[in-house]
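Engineer: Pasting input_11.cif below, which is mmCIF, C-alpha atoms.
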```cif
data_entry
#
loop_
_atom_site.label_atom_id
_atom_site.label_comp_id
_atom_site.auth_asym_id
_atom_site.auth_seq_id
_atom_site.Cartn_x
_atom_site.Cartn_y
_atom_site.Cartn_z
CA MET A 1 6.88 -13.70 -6.66
CA PRO A 2 10.31 -13.22 -5.09
CA GLU A 3 10.31 -9.41 -4.83
CA SER A 4 6.64 -8.63 -5.23
CA TRP A 5 5.95 -8.66 -1.47
CA PHE A 6 8.56 -5.91 -1.09
CA HIS A 7 6.97 -3.83 -3.85
CA ALA A 8 3.59 -4.44 -2.24
CA LEU A 9 4.80 -3.29 1.18
CA VAL A 10 6.59 -0.17 -0.12
CA GLY A 11 3.73 0.72 -2.47
CA GLY A 12 1.31 0.29 0.43
CA PHE A 13 3.47 2.59 2.56
CA MET A 14 3.24 5.26 -0.18
CA ILE A 15 -0.55 4.86 -0.29
CA GLY A 16 -0.72 5.24 3.49
CA GLY A 17 1.56 8.30 3.26
CA ALA A 18 -0.77 9.83 0.67
CA ALA A 19 -3.77 9.21 2.94
CA ALA A 20 -1.87 10.66 5.93
CA LEU A 21 -1.07 13.79 3.89
CA MET A 22 -4.75 14.19 3.06
CA LEU A 23 -5.76 13.66 6.70
CA LEU A 24 -3.20 15.87 8.43
CA GLY A 25 -2.80 18.42 5.61
CA LEU A 26 -6.41 18.95 4.55
CA GLY A 27 -8.38 17.23 7.33
CA ARG A 28 -10.12 14.79 5.02
CA ILE A 29 -10.38 11.08 4.26
CA ALA A 30 -8.54 10.02 1.10
CA GLY A 31 -11.48 7.96 -0.11
CA VAL A 32 -11.28 7.51 -3.86
CA SER A 33 -14.99 6.72 -4.40
CA GLY A 34 -16.12 9.79 -2.44
CA MET A 35 -13.54 12.01 -4.14
CA SER A 36 -14.55 10.78 -7.62
CA ALA A 37 -18.25 11.35 -6.96
CA ARG A 38 -17.49 14.83 -5.67
CA ALA A 39 -15.17 15.67 -8.58
CA ALA A 40 -17.81 14.51 -11.07
CA GLY A 41 -20.57 16.54 -9.41
CA LEU A 42 -22.34 13.36 -8.26
CA ALA A 43 -22.26 13.99 -4.50
CA GLU A 44 -24.00 16.69 -2.49
CA THR A 45 -21.48 16.71 0.35
CA GLY A 46 -17.73 16.30 0.52
CA PRO A 47 -14.60 18.32 -0.14
CA PRO A 48 -14.57 21.36 -2.45
CA PRO A 49 -14.91 19.95 -6.00
CA GLY A 50 -11.59 21.52 -7.08
CA LEU A 51 -9.77 19.74 -4.28
CA ALA A 52 -11.42 16.42 -5.16
CA LEU A 53 -10.55 16.89 -8.83
CA GLY A 54 -6.92 17.65 -7.90
CA PHE A 55 -6.69 14.41 -5.93
CA ILE A 56 -8.31 12.37 -8.72
CA MET A 57 -6.05 13.87 -11.41
CA GLY A 58 -3.05 13.06 -9.26
CA LEU A 59 -3.77 9.31 -9.42
CA PRO A 60 -2.91 8.75 -13.12
CA LEU A 61 -0.14 11.36 -12.88
CA GLY A 62 1.66 9.42 -10.15
CA ALA A 63 1.07 6.16 -12.02
CA TRP A 64 2.55 7.59 -15.21
CA LEU A 65 5.70 8.77 -13.39
CA VAL A 66 6.27 5.43 -11.65
CA ALA A 67 5.53 3.38 -14.78
CA ARG A 68 8.08 5.49 -16.65
CA ALA A 69 10.68 5.03 -13.92
CA MET A 70 10.05 1.27 -13.80
CA GLY A 71 10.15 0.91 -17.59
CA GLY A 72 6.50 -0.07 -17.87
CA VAL A 73 4.15 -2.21 -15.79
CA ALA A 74 2.14 -5.26 -16.80
CA LEU A 75 -1.65 -4.94 -16.65
CA ARG A 76 -3.95 -7.88 -17.28
CA PHE A 77 -7.51 -6.68 -17.78
CA PRO A 78 -10.54 -8.93 -18.22
CA PRO A 79 -10.90 -9.57 -21.96
CA SER A 80 -14.50 -8.45 -22.30
CA ALA A 81 -15.68 -4.83 -22.25
CA ALA A 82 -19.02 -6.09 -20.89
CA ALA A 83 -17.27 -7.33 -17.72
CA LEU A 84 -15.71 -3.88 -17.25
CA VAL A 85 -19.09 -2.17 -17.67
CA VAL A 86 -20.92 -4.49 -15.27
CA ALA A 87 -18.08 -4.20 -12.75
CA GLY A 88 -17.96 -0.41 -13.06
CA LEU A 89 -21.71 -0.04 -12.50
CA LEU A 90 -21.61 -2.26 -9.40
CA VAL A 91 -18.50 -0.57 -8.01
CA GLY A 92 -19.92 2.92 -8.59
CA PHE A 93 -23.36 2.19 -7.12
CA GLY A 94 -22.06 -0.03 -4.30
CA THR A 95 -19.36 2.34 -3.06
CA ARG A 96 -21.83 5.23 -2.88
CA LEU A 97 -24.48 3.13 -1.11
CA GLY A 98 -21.88 1.74 1.29
CA SER A 99 -20.10 5.10 1.75
CA GLY A 100 -16.64 3.96 0.71
CA CYS A 101 -14.27 1.60 -0.99
CA THR A 102 -10.88 -0.01 -0.41
CA SER A 103 -9.22 3.34 0.32
CA GLY A 104 -11.86 5.04 2.49
CA HIS A 105 -13.02 1.99 4.49
CA GLY A 106 -10.00 -0.27 3.99
CA VAL A 107 -7.03 2.08 4.47
CA CYS A 108 -8.43 5.12 6.28
CA GLY A 109 -11.29 3.60 8.28
CA MET A 110 -9.61 0.41 9.47
CA SER A 111 -6.53 2.32 10.68
CA ARG A 112 -8.96 4.50 12.68
CA PHE A 113 -10.47 1.31 14.16
CA SER A 114 -13.89 2.38 12.84
CA SER A 115 -16.24 -0.57 13.34
CA ARG A 116 -18.29 0.52 10.29
CA SER A 117 -15.19 0.43 8.10
CA ILE A 118 -13.92 -2.87 9.49
CA VAL A 119 -17.32 -4.49 8.84
CA ALA A 120 -17.58 -2.95 5.35
CA THR A 121 -14.07 -4.13 4.44
CA LEU A 122 -14.75 -7.69 5.64
CA VAL A 123 -18.04 -7.74 3.72
CA PHE A 124 -16.66 -6.46 0.40
CA MET A 125 -13.69 -8.80 0.65
CA ALA A 126 -15.98 -11.78 1.35
CA SER A 127 -18.25 -10.69 -1.49
CA GLY A 128 -15.29 -10.35 -3.88
CA ILE A 129 -13.91 -13.74 -2.85
CA ALA A 130 -17.31 -15.37 -3.39
CA THR A 131 -17.67 -13.67 -6.78
CA VAL A 132 -14.29 -14.90 -8.03
CA ALA A 133 -14.98 -18.42 -6.70
CA ILE A 134 -18.38 -18.56 -8.42
CA MET A 135 -16.96 -17.18 -11.68
CA ASN A 136 -14.21 -19.81 -11.59
CA LEU A 137 -16.76 -22.59 -11.01
CA ALA A 138 -18.90 -21.28 -13.85
CA GLY A 139 -15.88 -21.06 -16.16
CA LEU A 140 -16.24 -17.28 -16.51
CA SER A 141 -12.68 -16.30 -15.56
CA MET B 1 -4.79 26.90 -4.68
CA LYS B 2 -2.40 25.56 -2.07
CA GLN B 3 -5.06 23.07 -0.99
CA ILE B 4 -5.55 21.86 -4.56
CA GLY B 5 -1.76 21.44 -4.83
CA ILE B 6 -1.68 19.30 -1.68
CA ALA B 7 -4.63 17.24 -2.95
CA LEU B 8 -2.83 16.71 -6.28
CA LEU B 9 0.33 15.67 -4.43
CA SER B 10 -1.64 13.24 -2.24
CA GLY B 11 -3.35 11.78 -5.32
CA ALA B 12 -0.05 11.45 -7.18
CA LEU B 13 1.61 9.69 -4.24
CA PHE B 14 -1.45 7.43 -3.98
CA GLY B 15 -1.32 6.58 -7.70
CA ALA B 16 2.45 6.08 -7.52
CA GLY B 17 2.03 3.68 -4.59
CA LEU B 18 -0.72 1.73 -6.33
CA THR B 19 1.49 1.36 -9.40
CA TYR B 20 4.63 0.43 -7.48
CA SER B 21 2.71 -2.12 -5.41
CA GLY B 22 1.37 -3.83 -8.54
CA MET B 23 -2.26 -3.24 -7.51
CA THR B 24 -2.92 -1.50 -10.83
CA ASP B 25 -2.95 -4.98 -12.39
CA PRO B 26 -6.54 -6.31 -12.27
CA ALA B 27 -5.36 -9.93 -12.51
CA LYS B 28 -3.19 -9.51 -9.39
CA VAL B 29 -6.16 -8.14 -7.42
CA ARG B 30 -8.39 -10.98 -8.63
CA GLY B 31 -5.57 -13.29 -7.56
CA PHE B 32 -5.92 -11.94 -4.02
CA LEU B 33 -9.65 -12.66 -4.10
CA ASP B 34 -9.04 -16.15 -5.51
CA VAL B 35 -8.49 -17.77 -2.10
CA PHE B 36 -9.84 -21.13 -3.29
CA GLY B 37 -7.57 -21.12 -6.35
CA ALA B 38 -4.18 -19.57 -7.17
CA TRP B 39 -4.17 -17.19 -4.19
CA ASN B 40 -1.84 -14.16 -4.38
CA PRO B 41 -1.46 -12.53 -0.95
CA ALA B 42 0.22 -9.29 -2.23
CA LEU B 43 -2.77 -7.11 -1.33
CA ILE B 44 -2.30 -8.01 2.36
CA PHE B 45 1.19 -6.50 2.22
CA VAL B 46 -0.16 -3.39 0.48
CA MET B 47 -2.80 -2.98 3.20
CA GLY B 48 -0.23 -3.62 5.91
CA GLY B 49 2.17 -1.08 4.43
CA ALA B 50 -0.60 1.51 4.20
CA MET B 51 -1.62 0.94 7.82
CA LEU B 52 1.74 2.13 9.21
CA PRO B 53 1.59 5.82 8.20
CA MET B 54 -2.14 5.94 8.84
CA LEU B 55 -1.97 4.49 12.36
CA LEU B 56 0.57 7.23 13.14
CA ALA B 57 -1.55 9.89 11.42
CA TRP B 58 -4.64 8.94 13.48
CA ARG B 59 -2.51 9.24 16.66
CA LEU B 60 -1.36 12.73 15.65
CA GLN B 61 -4.74 13.96 14.39
CA PRO B 62 -6.42 14.57 17.80
CA ARG B 63 -3.42 16.67 18.90
CA LEU B 64 -3.94 19.14 16.07
CA ASN B 65 -6.51 21.91 16.49
CA ALA B 66 -6.83 22.09 12.73
CA PRO B 67 -5.24 20.42 9.70
CA LEU B 68 -1.91 21.92 8.60
CA ALA B 69 -3.38 23.56 5.48
CA SER B 70 -7.12 23.85 6.16
CA GLU B 71 -9.45 25.44 8.73
CA ARG B 72 -11.00 22.32 10.20
CA PHE B 73 -11.17 18.54 10.09
CA SER B 74 -14.10 17.15 8.08
CA LEU B 75 -14.19 13.50 9.08
CA PRO B 76 -17.01 10.94 8.91
CA GLY B 77 -18.91 10.58 12.15
CA ALA B 78 -21.41 7.83 11.28
CA ARG B 79 -21.34 4.86 13.64
CA ARG B 80 -24.34 2.76 12.68
CA ILE B 81 -23.84 -0.48 10.80
CA ASP B 82 -26.96 -0.58 8.68
CA GLY B 83 -28.39 -2.16 5.54
CA LYS B 84 -26.95 0.55 3.31
CA LEU B 85 -23.40 -0.08 4.51
CA LEU B 86 -23.73 -3.85 4.18
CA GLY B 87 -25.66 -3.83 0.89
CA GLY B 88 -23.26 -1.34 -0.63
CA ALA B 89 -20.26 -3.42 0.44
CA VAL B 90 -21.81 -6.58 -1.06
CA LEU B 91 -22.48 -4.88 -4.42
CA PHE B 92 -19.06 -3.24 -4.49
CA GLY B 93 -17.42 -6.58 -3.69
CA ILE B 94 -19.19 -8.29 -6.59
CA GLY B 95 -17.99 -5.60 -9.01
CA TRP B 96 -14.48 -5.77 -7.52
CA GLY B 97 -14.44 -9.54 -8.06
CA VAL B 98 -15.78 -9.38 -11.63
CA ALA B 99 -13.02 -7.11 -12.98
CA GLY B 100 -10.36 -6.91 -10.25
CA LEU B 101 -10.77 -3.14 -10.13
CA CYS B 102 -11.83 -0.79 -7.35
CA PRO B 103 -12.08 3.01 -7.83
CA GLY B 104 -8.41 3.83 -7.10
CA PRO B 105 -6.79 1.42 -9.56
CA GLY B 106 -9.54 2.13 -12.12
CA LEU B 107 -8.66 5.84 -12.19
CA THR B 108 -4.92 5.19 -11.87
CA ASP B 109 -5.00 2.86 -14.88
CA LEU B 110 -6.25 5.75 -17.04
CA ALA B 111 -2.54 6.55 -17.44
CA LEU B 112 -1.51 2.95 -18.15
CA ALA B 113 -4.31 1.34 -20.18
CA PRO B 114 -6.50 4.33 -21.16
CA ARG B 115 -9.18 2.66 -23.25
CA ARG B 116 -10.02 -0.23 -20.92
CA ALA B 117 -9.67 1.87 -17.77
CA ALA B 118 -11.96 4.53 -19.27
CA THR B 119 -14.62 1.88 -19.97
CA PHE B 120 -14.56 0.92 -16.29
CA VAL B 121 -14.40 4.51 -15.00
CA LEU B 122 -17.30 5.73 -17.18
CA ALA B 123 -19.43 2.78 -16.01
CA MET B 124 -18.41 3.53 -12.40
CA LEU B 125 -19.50 7.17 -12.78
CA ALA B 126 -22.77 5.95 -14.33
CA GLY B 127 -23.26 3.70 -11.29
CA MET B 128 -22.64 6.68 -9.00
CA ALA B 129 -25.10 8.79 -11.01
CA LEU B 130 -27.65 5.97 -10.77
CA PHE B 131 -27.18 5.92 -7.00
CA ARG B 132 -27.68 9.66 -6.79
CA PHE B 133 -30.80 9.42 -8.94
CA THR B 134 -32.36 6.54 -6.99
CA SER B 135 -31.23 7.34 -3.46
CA ARG B 136 -33.97 9.90 -2.87
CA GLN B 137 -36.80 7.61 -4.04
CA ILE B 138 -36.16 3.89 -4.06
CA ILE B 139 -33.68 3.41 -1.26
CA PRO B 140 -35.64 5.17 1.53
CA GLN B 141 -38.64 2.97 0.66
CA ALA B 142 -36.56 -0.19 0.63
CA ALA B 143 -34.93 0.83 3.91
CA LYS B 144 -38.38 1.32 5.43
CA MET B 145 -39.43 -2.14 4.25
CA LEU B 146 -36.25 -3.68 5.68
CA GLY B 147 -36.62 -1.74 8.91
CA THR B 148 -33.27 0.00 8.50
CA ASP B 149 -34.61 3.48 7.87
CA GLU B 150 -32.14 6.06 9.08
CA GLY B 151 -34.79 8.80 8.86
#
```
Could you show the structure in this file as structure tokens?

Structural biologist:
Amino acid sequence: MPESWFHALVGGFMIGGAAALMLLGLGRIAGVSGMSARAAGLAETGPPPGLALGFIMGLPLGAWLVARAMGGVALRFPPSAAALVVAGLLVGFGTRLGSGCTSGHGVCGMSRFSSRSIVATLVFMASGIATVAIMNLAGLS
Amino acid sequence: MKQIGIALLSGALFGAGLTYSGMTDPAKVRGFLDVFGAWNPALIFVMGGAMLPMLLAWRLQPRLNAPLASERFSLPGARRIDGKLLGGAVLFGIGWGVAGLCPGPGLTDLALAPRRAATFVLAMLAGMALFRFTSRQIIPQAAKMLGTDEG
């Protein structure tokens, strides 16, 4: 991966810039799980649904533009649809129960030095690492 | 309308950054979590890159009376580290490890691999709906049993 660290750093900077725009422009956390729940009418509190929907619709729009400019990007999904369904259910339920995901706790909360977000990020990373290790041992990945 | 435009711009920049960083690729994210195998540290650089603008933004935020395009800041104020936070993070981490997808890349990939991303996103929304449905009944009881009731 000769150049991938550079792409990672620059892409990360763009993500942080997007979160900073949300914070300083609209006064809100750019948390994707919270925004999706709000946009889908699955959360009682949060930003105005139209605002949340705008943010969520922006995600694939930005991806489409960059993928076009880069001449396509490689995506390697798990082969089974069942894995995607199980993962989606756990991610959806878990992020709502834990009040955030990689963006809300990881990017926005950790940069605020929120102890809740730092703990949540360490826990979901440890949990993800353990899951991948167990799946590898069991020959599932 | 202006606020929706800013939200769309923020989302588009977020999705662009995810794509440019390579974090839209589930195998790359699983590679980051595979610390005992073929570890790929790229996600650390993504997180590090994202910290820079946000550290600055959090320094500027207290100096503003209000956001630039809204009446007031609406920021989380919770401080307690409780069973919900930890349990939610554990469940989310398992799902993240199974597919290599968290909510941002899942939604972003709708533009890049629509069918597979939609499978994940629909299941994610179902999980969120399940949380909403159960949170008023089951979780308060479980919290009471575990002694983590927030009241």

Engineer: If we count all atoms listed in the file and set the cut-off at 9 Å, which residues sit around range 18-29 of chain B, ignoring sequence neighbours fewer than 6 positions away in its own chain? Please answer as a VMD selection string.

Structural biologist: (chain A and resid 4 to 12 14 to 15 59 62 to 64 66 to 67 70 73 to 78) or (chain B and resid 40 42 to 43 45 to 46 96 to 97 99 to 101 104 to 106 108 to 109 112)

Engineer: Box for range 47-63 of chain A: with edges along x, y and z, all listed atoms inside and 4 Å added on each side, what are the centre and edge lengths in Å to one decimal, as JSON?

Structural biologist:
```
{"center_x": -6.6, "center_y": 13.8, "center_z": -6.6, "size_x": 24.6, "size_y": 23.4, "size_z": 21.0}
```

Engineer: Which value, in Å to one decimal, gives the distance between CA of Gly104 in chain A and CA of Gly34 in chain A?

Structural biologist: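 The value is 8.1 Å.
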
Engineer: Could you check the closest approach to Leu21 in chain A for each of B:Pro67, B:Gly127, B:Gly49, B:Pro114 and tell me which residue wins, using only C-alpha atoms?

Structural biologist: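 Distance minimum relative to Leu21 in chain A lands on B:Pro67.
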
Engineer: Go ahead and compute the interatomic distance for CA of Ser99 in chain A and CA of Leu8 in chain B, in Å to one decimal.

Structural biologist: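 Spanning CA of Ser99 in chain A to CA of Leu8 in chain B is a straight-line distance of 22.3 Å.
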
Engineer: Using CA of Ser127 in chain A and CA of Val91 in chain A as the two end points, give the distance in Å to one decimal.

Structural biologist: 12.0 Å

Engineer: Give me the result of the PyMOL selection byres ((chain A and resi 52) around 8) on this file, residue by residue, as a PyMOL selection string.

Structural biologist: (chain A and resi 35-36+38-39+47-51+53-56) or (chain B and resi 7)

Engineer: Selection from above, C-alpha atoms, as a PDB file, keeping the file's coordinate frame, can you write it?

Structural biologist:
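After the write, out.pdb holds the following:
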```pdb
ATOM      1  CA  MET A  35     -13.540  12.010  -4.140  1.00  0.00           C
ATOM      2  CA  SER A  36     -14.550  10.780  -7.620  1.00  0.00           C
ATOM      3  CA  ARG A  38     -17.490  14.830  -5.670  1.00  0.00           C
ATOM      4  CA  ALA A  39     -15.170  15.670  -8.580  1.00  0.00           C
ATOM      5  CA  PRO A  47     -14.600  18.320  -0.140  1.00  0.00           C
ATOM      6  CA  PRO A  48     -14.570  21.360  -2.450  1.00  0.00           C
ATOM      7  CA  PRO A  49     -14.910  19.950  -6.000  1.00  0.00           C
ATOM      8  CA  GLY A  50     -11.590  21.520  -7.080  1.00  0.00           C
ATOM      9  CA  LEU A  51      -9.770  19.740  -4.280  1.00  0.00           C
ATOM     10  CA  LEU A  53     -10.550  16.890  -8.830  1.00  0.00           C
ATOM     11  CA  GLY A  54      -6.920  17.650  -7.900  1.00  0.00           C
ATOM     12  CA  PHE A  55      -6.690  14.410  -5.930  1.00  0.00           C
ATOM     13  CA  ILE A  56      -8.310  12.370  -8.720  1.00  0.00           C
TER      14      ILE A  56
ATOM     15  CA  ALA B   7      -4.630  17.240  -2.950  1.00  0.00           C
TER      16      ALA B   7
END
```

Engineer: Neighbouring residues of Gly27 in chain A were defined as those with any atom within 7 Å, considering all atoms listed in the file; residues of the same chain fewer than 3 positions away were excluded. Please report them as JSON, numbers by chain.

Structural biologist: {"A": [22, 23, 24], "B": [67, 70, 72, 73, 74]}

Engineer: Go ahead and dump the residues you just picked, C-alpha atoms, as a PDB file, in the frame of the given file.

Structural biologist:
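Wrote it out as out09.pdb, contents follow:
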```pdb
ATOM      1  CA  MET A  22      -4.750  14.190   3.060  1.00  0.00           C
ATOM      2  CA  LEU A  23      -5.760  13.660   6.700  1.00  0.00           C
ATOM      3  CA  LEU A  24      -3.200  15.870   8.430  1.00  0.00           C
TER       4      LEU A  24
ATOM      5  CA  PRO B  67      -5.240  20.420   9.700  1.00  0.00           C
ATOM      6  CA  SER B  70      -7.120  23.850   6.160  1.00  0.00           C
ATOM      7  CA  ARG B  72     -11.000  22.320  10.200  1.00  0.00           C
ATOM      8  CA  PHE B  73     -11.170  18.540  10.090  1.00  0.00           C
ATOM      9  CA  SER B  74     -14.100  17.150   8.080  1.00  0.00           C
TER      10      SER B  74
END
```

Engineer: Which residues fall under the PyMOL selection byres ((chain A and resi 107) around 10) in this file, as a VMD selection string?

Structural biologist: (chain A and resid 12 15 to 16 19 29 to 31 101 to 106 108 to 112 117 to 118 121) or (chain B and resid 46 to 52 54 to 55)

Engineer: Which residue is closest to chain B? Choose from A:Gly139, A:Gly72, A:Gly41, A:Ala18 and count only C-alpha atoms.

Structural biologist: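 For chain B, the nearest of the given residues is A:Ala18.
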
Engineer: Give the answer as one residue: which of B:Leu64, B:Leu85, B:Ile44, B:Val121 has the shortest atom-to-atom distance to Gly100 in chain A, using all atoms listed in the file?

Structural biologist: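 Under the stated criterion, the closest residue is B:Leu85.
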
Engineer: Give me the result of the PyMOL selection byres ((chain B and resi 95) around 9) on this file, residue by residue, as a count of residues only.

Structural biologist: 24
